[in-house]
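Participant: Once you've had a glance at the structure underneath, I'll fire off some questions.
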Amino acid sequence: MDSRNSLLLALLNEQNDFSAVEQFSRFHDENHELDRSRYSNLLPVSSPKEGQQYSFEVDLDACSGCKACVTACHNMNGLDEKETWRTVGILHGGTTENPFHQHVTSACHHCLEPACMIGCPVDAYEKDPVTGIVKHLDDQCIGCQYCTLACPYDVPQYNPEKGIVRKCDMCSDRLAEGEAPACVQSCPNEAISIQIIDKEKIIEDSESGSFLPGTIDPLVTLPTTTFRSNSVFPRNLLPADYYSTSTEHAHWPLIVMLVLIQMSVGIYLFGSALNHLESGTGSTSFQWWQSVFGLTICNIALLSSLFHLGRPHLAFRAVIGLKHSWLSREIVVFSLFAFLASLFTAYHGLLFFKPDFGIIPSKIINVLGDILAGTGIIGVICSIMIYQFTKRELWNGMITSIKFLMSMIILGLSSTLVTLSFMNYLKSESMNDSLFNWMNLLVITLSISTTFKLMYEASIFFHLKSQRNSPYKRAANLMVGDISNITKIRFVSGLIGGIFFPLLLLESSVRIQSESGITPLIVSVLALSLCLVGELLERYIYFVAVSPAGMPGGIKA
């Protein structure tokens, strides 16, 4: 037989062997009415018992990466164009001679201890006590997006058009009727199934740290999805996007809120400190202008936070999760801080315009100032815990504490210098001149604080030489790559605003040389402005250069 005819016959015979997708399509073409028995082996025969719950089980050997599950989930749940509740990633490794390639389909893991539910300030999540399915309550959501930061698997998806977050609920309405979820029903290889799993087994398996390569420690949330395979994974198996670096969402309203509220706390903190350091408890004039400054910044900070909400008219709900959510606690504490700041400022305003109004002993007012500053510091600690809770390496407690507290100190000091320079410019008779004796100390402290913080931020560049592609190295690569210009401006503004300009305010320089007082005021305002720009850019880098663990992704160009 001619070799060409042999090849033709071979190709024709191959056409008789349908692929999994073709077999699946042919089955549904021939069976217009869905035969539920086809999926009976992919669904549990009974409801979970005590100590059990539903979970996804993925047969990695059967997953071909066709993404039929992604399409079915998208269509069945009416998702928007860029909204996805199920993804397909890739794990690869091995050697050149024996490479290994594995597709991984994943959705919500319906964890035993879901971070999205624990962190939510409005209780917009609930875990079904029978099925264990973690559901999102759309009507309750205010669109704060904190769950998108808290979930280590990047499951909740924010929908900007609707102003809320949405996620997979395992097609619970279909399961309740004995029907398979969209992803289970659509998979041509039957790689996805719903199983009943013992919660104790999940805990035991999580103790070993075995989940999927490149993902966060499962002990953080105790995910219930089971990935099984008969293949022996190579030791160097990693997500296909493991070495890819890209910036995360900036969250500008959060950047502005965090920096300004820390600035406001710093203003009241150093105003209170000067009261204790200065015999005579400072002047009414200084306290008035310092308080007005701090309250204005505080109100701008709280107002800016509303722009981060998808449904700002429901912001009042944010206190619902006070028992378990650090975000709720932050909101409550800073609301109290703003209330106390208003009282403190109003009283000093009365004293400023009516000096004979002093019906409250100065000691009580000073105690109120201390309580005000202490409340602000507690609020900053709550902010630190919000990001510590996410378990992202670059948002750990030490890094976040240093950055947030140092921002409070640097902006508080530079703001106080502006107030003192402003008082010097006004030549206010009510101003206690001895307060200016502390100006040099504030300048030196500001310069030292700025130097320390800039050196601490720059220390991340040592990770560029690291062999391990850690989150620190990926962040450093972004800082010298995609956001290099932002990084340069941040350090330059910090150096000039926090070190160079403040040193000009030393008693040996412009403050004595200027009779009008205008020169130190201009210098102090420039110093504060550049410090503020630097801190805003530092917080921008804090958000965009973080590397969340997530689930394995695909190959990126």
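Chain labels A, B, ... are given in the sequence in which chains occur in the structure tokens; within each chain residues are numbered consecutively from 1, and ligands are likewise numbered from 1 in the order shown.
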Based on the backbone DSSP call, show me all residues of segment 133-177 of chain A assigned strand (DSSP E), as a ChimeraX atom specification.

Facilitator: /A:134-136,157-159,164-166

Participant: Store the residues picked out above, limited to N, CA and C atoms, as a PDB file, in the first residue's frame.

Facilitator:
```pdb
ATOM      1  N   VAL A 134     -19.224  28.774  52.223  1.00  0.00           N
ATOM      2  CA  VAL A 134     -19.068  30.177  52.603  1.00  0.00           C
ATOM      3  C   VAL A 134     -19.794  31.034  51.563  1.00  0.00           C
ATOM      4  N   LYS A 135     -20.846  31.696  51.997  1.00  0.00           N
ATOM      5  CA  LYS A 135     -21.661  32.503  51.086  1.00  0.00           C
ATOM      6  C   LYS A 135     -21.420  33.989  51.329  1.00  0.00           C
ATOM      7  N   HIS A 136     -21.514  34.752  50.246  1.00  0.00           N
ATOM      8  CA  HIS A 136     -21.410  36.203  50.351  1.00  0.00           C
ATOM      9  C   HIS A 136     -22.792  36.805  50.271  1.00  0.00           C
ATOM     10  N   GLN A 157     -14.010  38.723  44.378  1.00  0.00           N
ATOM     11  CA  GLN A 157     -13.761  39.620  43.256  1.00  0.00           C
ATOM     12  C   GLN A 157     -14.621  40.866  43.397  1.00  0.00           C
ATOM     13  N   TYR A 158     -13.979  42.030  43.328  1.00  0.00           N
ATOM     14  CA  TYR A 158     -14.714  43.289  43.445  1.00  0.00           C
ATOM     15  C   TYR A 158     -15.310  43.669  42.098  1.00  0.00           C
ATOM     16  N   ASN A 159     -16.588  44.004  42.105  1.00  0.00           N
ATOM     17  CA  ASN A 159     -17.284  44.437  40.897  1.00  0.00           C
ATOM     18  C   ASN A 159     -17.527  45.937  41.006  1.00  0.00           C
ATOM     19  N   ILE A 164     -19.841  46.119  44.881  1.00  0.00           N
ATOM     20  CA  ILE A 164     -19.777  45.079  45.909  1.00  0.00           C
ATOM     21  C   ILE A 164     -18.776  44.003  45.484  1.00  0.00           C
ATOM     22  N   VAL A 165     -18.485  43.115  46.417  1.00  0.00           N
ATOM     23  CA  VAL A 165     -17.641  41.949  46.157  1.00  0.00           C
ATOM     24  C   VAL A 165     -18.552  40.747  45.952  1.00  0.00           C
ATOM     25  N   ARG A 166     -18.150  39.829  45.064  1.00  0.00           N
ATOM     26  CA  ARG A 166     -18.909  38.593  44.855  1.00  0.00           C
ATOM     27  C   ARG A 166     -17.934  37.420  44.764  1.00  0.00           C
TER      28      ARG A 166
END
```

Participant: Give me, as JSON lines, the closest atom pair and its distance (Å, one decimal) for every residue of segment 261-356 of chain A within a cut-off of 6 Å of segment 371-381 of chain A, counting only C-alpha atoms, rows sorted by chain and rising number.

Facilitator:
```
{"residue": "A:Val265", "atom": "CA", "partner": "A:Gly376", "partner_atom": "CA", "distance": 5.2}
{"residue": "A:Tyr268", "atom": "CA", "partner": "A:Ala373", "partner_atom": "CA", "distance": 5.6}
{"residue": "A:Leu269", "atom": "CA", "partner": "A:Ala373", "partner_atom": "CA", "distance": 4.9}
{"residue": "A:Glu330", "atom": "CA", "partner": "A:Gly379", "partner_atom": "CA", "distance": 5.5}
{"residue": "A:Val333", "atom": "CA", "partner": "A:Gly379", "partner_atom": "CA", "distance": 5.4}
{"residue": "A:Phe334", "atom": "CA", "partner": "A:Gly379", "partner_atom": "CA", "distance": 5.7}
{"residue": "A:Phe337", "atom": "CA", "partner": "A:Thr375", "partner_atom": "CA", "distance": 5.8}
```

Participant: Grab the residues selected above and save them as a PDB file, in the first residue's frame with C-alpha atoms.

Facilitator:
```pdb
ATOM      1  CA  VAL A 265      -2.399  61.588  65.358  1.00  0.00           C
ATOM      2  CA  TYR A 268      -1.958  65.879  68.560  1.00  0.00           C
ATOM      3  CA  LEU A 269       0.760  63.633  69.996  1.00  0.00           C
ATOM      4  CA  GLU A 330     -10.148  50.881  63.432  1.00  0.00           C
ATOM      5  CA  VAL A 333     -11.450  54.087  67.355  1.00  0.00           C
ATOM      6  CA  PHE A 334     -10.771  56.748  64.726  1.00  0.00           C
ATOM      7  CA  PHE A 337     -10.535  60.119  67.942  1.00  0.00           C
TER       8      PHE A 337
END
```

Participant: List every residue of segment 259-437 of chain A that DSSP, applied to the backbone of this structure, places in helix (DSSP H, G or I), and write the result as number ranges by chain.

Facilitator: A: 259-277, 284-306, 312-319, 326-353, 355-357, 362-388, 393-395, 397-426, 433-437

Participant: Could you give me, as a VMD selection string, the residues within 8 Å of segment 188-204 of chain A, counting only C-alpha atoms and dropping anything in the same chain fewer than 2 positions from it?

Facilitator: chain A and resid 20 to 21 23 to 24 42 to 44 47 to 48 51 to 64 68 112 183 to 186 206 to 208 219 222 to 224

Participant: Could you save those same residues with C-alpha atoms as a PDB file, in the first residue's frame?

Facilitator:
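File selection-v6.pdb, as written:
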```
ATOM      1  CA  ALA A  20     -13.095  14.305  25.805  1.00  0.00           C
ATOM      2  CA  VAL A  21     -14.601  17.629  24.741  1.00  0.00           C
ATOM      3  CA  GLN A  23     -17.540  13.173  23.503  1.00  0.00           C
ATOM      4  CA  PHE A  24     -19.045  15.554  26.047  1.00  0.00           C
ATOM      5  CA  LEU A  42     -19.595  13.552  41.157  1.00  0.00           C
ATOM      6  CA  LEU A  43     -22.029  14.514  43.923  1.00  0.00           C
ATOM      7  CA  PRO A  44     -22.425  13.270  47.515  1.00  0.00           C
ATOM      8  CA  SER A  47     -25.847  15.735  53.391  1.00  0.00           C
ATOM      9  CA  PRO A  48     -22.807  16.335  55.617  1.00  0.00           C
ATOM     10  CA  GLY A  51     -17.967  17.474  61.832  1.00  0.00           C
ATOM     11  CA  GLN A  52     -18.240  17.310  58.036  1.00  0.00           C
ATOM     12  CA  GLN A  53     -18.851  19.716  55.158  1.00  0.00           C
ATOM     13  CA  TYR A  54     -18.965  19.892  51.366  1.00  0.00           C
ATOM     14  CA  SER A  55     -15.722  20.502  49.493  1.00  0.00           C
ATOM     15  CA  PHE A  56     -14.395  20.580  45.961  1.00  0.00           C
ATOM     16  CA  GLU A  57     -12.233  17.671  44.891  1.00  0.00           C
ATOM     17  CA  VAL A  58     -10.021  18.112  41.826  1.00  0.00           C
ATOM     18  CA  ASP A  59      -8.489  15.223  39.928  1.00  0.00           C
ATOM     19  CA  LEU A  60      -5.351  16.885  38.604  1.00  0.00           C
ATOM     20  CA  ASP A  61      -4.625  13.943  36.316  1.00  0.00           C
ATOM     21  CA  ALA A  62      -7.934  14.550  34.530  1.00  0.00           C
ATOM     22  CA  CYS A  63      -7.667  18.360  34.266  1.00  0.00           C
ATOM     23  CA  SER A  64      -6.628  19.321  30.736  1.00  0.00           C
ATOM     24  CA  ALA A  68     -14.814  24.797  30.245  1.00  0.00           C
ATOM     25  CA  LEU A 112     -12.877  26.129  57.844  1.00  0.00           C
ATOM     26  CA  CYS A 183     -18.090  23.770  36.938  1.00  0.00           C
ATOM     27  CA  VAL A 184     -18.738  20.112  37.845  1.00  0.00           C
ATOM     28  CA  GLN A 185     -21.338  19.669  35.119  1.00  0.00           C
ATOM     29  CA  SER A 186     -19.273  21.331  32.397  1.00  0.00           C
ATOM     30  CA  SER A 206      -2.977  21.350  56.934  1.00  0.00           C
ATOM     31  CA  GLU A 207      -0.555  20.564  59.750  1.00  0.00           C
ATOM     32  CA  SER A 208       1.773  19.012  57.183  1.00  0.00           C
ATOM     33  CA  LEU A 219      -3.028  26.587  58.425  1.00  0.00           C
ATOM     34  CA  LEU A 222      -7.721  25.704  56.521  1.00  0.00           C
ATOM     35  CA  PRO A 223      -8.904  25.399  52.882  1.00  0.00           C
ATOM     36  CA  THR A 224     -11.084  22.347  52.192  1.00  0.00           C
TER      37      THR A 224
END
```

Participant: Let me make sure I understand: among A:Leu495, A:Ile448, A:Leu528, A:Ile541, which one has the smallest atom-to-atom distance to Leu394 of chain A if we use only C-alpha atoms?

Facilitator: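 Among the listed residues, A:Ile541 lies closest to Leu394 of chain A.
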
Participant: As a list in words, please: the residues near Arg468 of chain A (cut-off 12 Å, only C-alpha atoms, same-chain neighbours under 5 positions excluded).

Facilitator: Tyr242, Tyr243, His463, Lys473 and Arg474 of chain A

Participant: Just N, CA and C atoms for this one: save the residues we selected as a short mmCIF file (atom, residue, chain, number, x, y, z; two decimals), in the first residue's frame.

Facilitator:
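Output file part39.cif follows:
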```
data_model
loop_
_atom_site.label_atom_id
_atom_site.label_comp_id
_atom_site.auth_asym_id
_atom_site.auth_seq_id
_atom_site.Cartn_x
_atom_site.Cartn_y
_atom_site.Cartn_z
N TYR A 242 5.32 32.16 38.93
CA TYR A 242 6.06 32.36 40.17
C TYR A 242 7.13 33.44 40.03
N TYR A 243 7.77 33.51 38.89
CA TYR A 243 8.85 34.48 38.69
C TYR A 243 8.37 35.76 37.99
N HIS A 463 17.80 42.40 49.06
CA HIS A 463 17.18 41.15 48.62
C HIS A 463 17.34 40.93 47.12
N LYS A 473 12.21 40.08 47.37
CA LYS A 473 12.96 40.25 46.11
C LYS A 473 12.05 40.74 45.00
N ARG A 474 10.82 40.21 44.93
CA ARG A 474 9.89 40.65 43.89
C ARG A 474 9.54 42.12 44.08
#
```

Participant: Could you jot down the atom CA of Ala527 of chain A to atom CA of Ile496 of chain A separation for me, Å, one decimal place?

Facilitator: 7.3 Å

Participant: Hey, which of A:Gly119, A:Pro552, A:Gly266, A:Gly143 ends up closest to His313 of chain A? Count only C-alpha atoms.

Facilitator: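 Among A:Gly119, A:Pro552, A:Gly266, A:Gly143, it is A:Gly143 that comes nearest to His313 of chain A.
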
Participant: Between A:Tyr540, A:Phe352, A:Trp438, A:Phe344, single out the one closest to Ile364 of chain A, counting only C-alpha atoms.

Facilitator: A:Phe344

Participant: Which residue gives the smallest distance to Met76 of chain A among A:Glu161, A:Asp173, A:Asp139, A:Asp154, with only C-alpha atoms counted?

Facilitator: A:Asp173

Participant: Which residues are close to Tyr153 of chain A, i.e. within 9 Å by only C-alpha atoms, leaving aside same-chain residues fewer than 2 positions away? Reply as an MDAnalysis selection string.

Facilitator: chainID A and resid 107:109 148 150:151 155:156 215:216 548:551

Participant: Atom CA of Leu503 of chain A and atom CA of Pro520 of chain A, how far apart in Å?

Facilitator: 10.8 Å
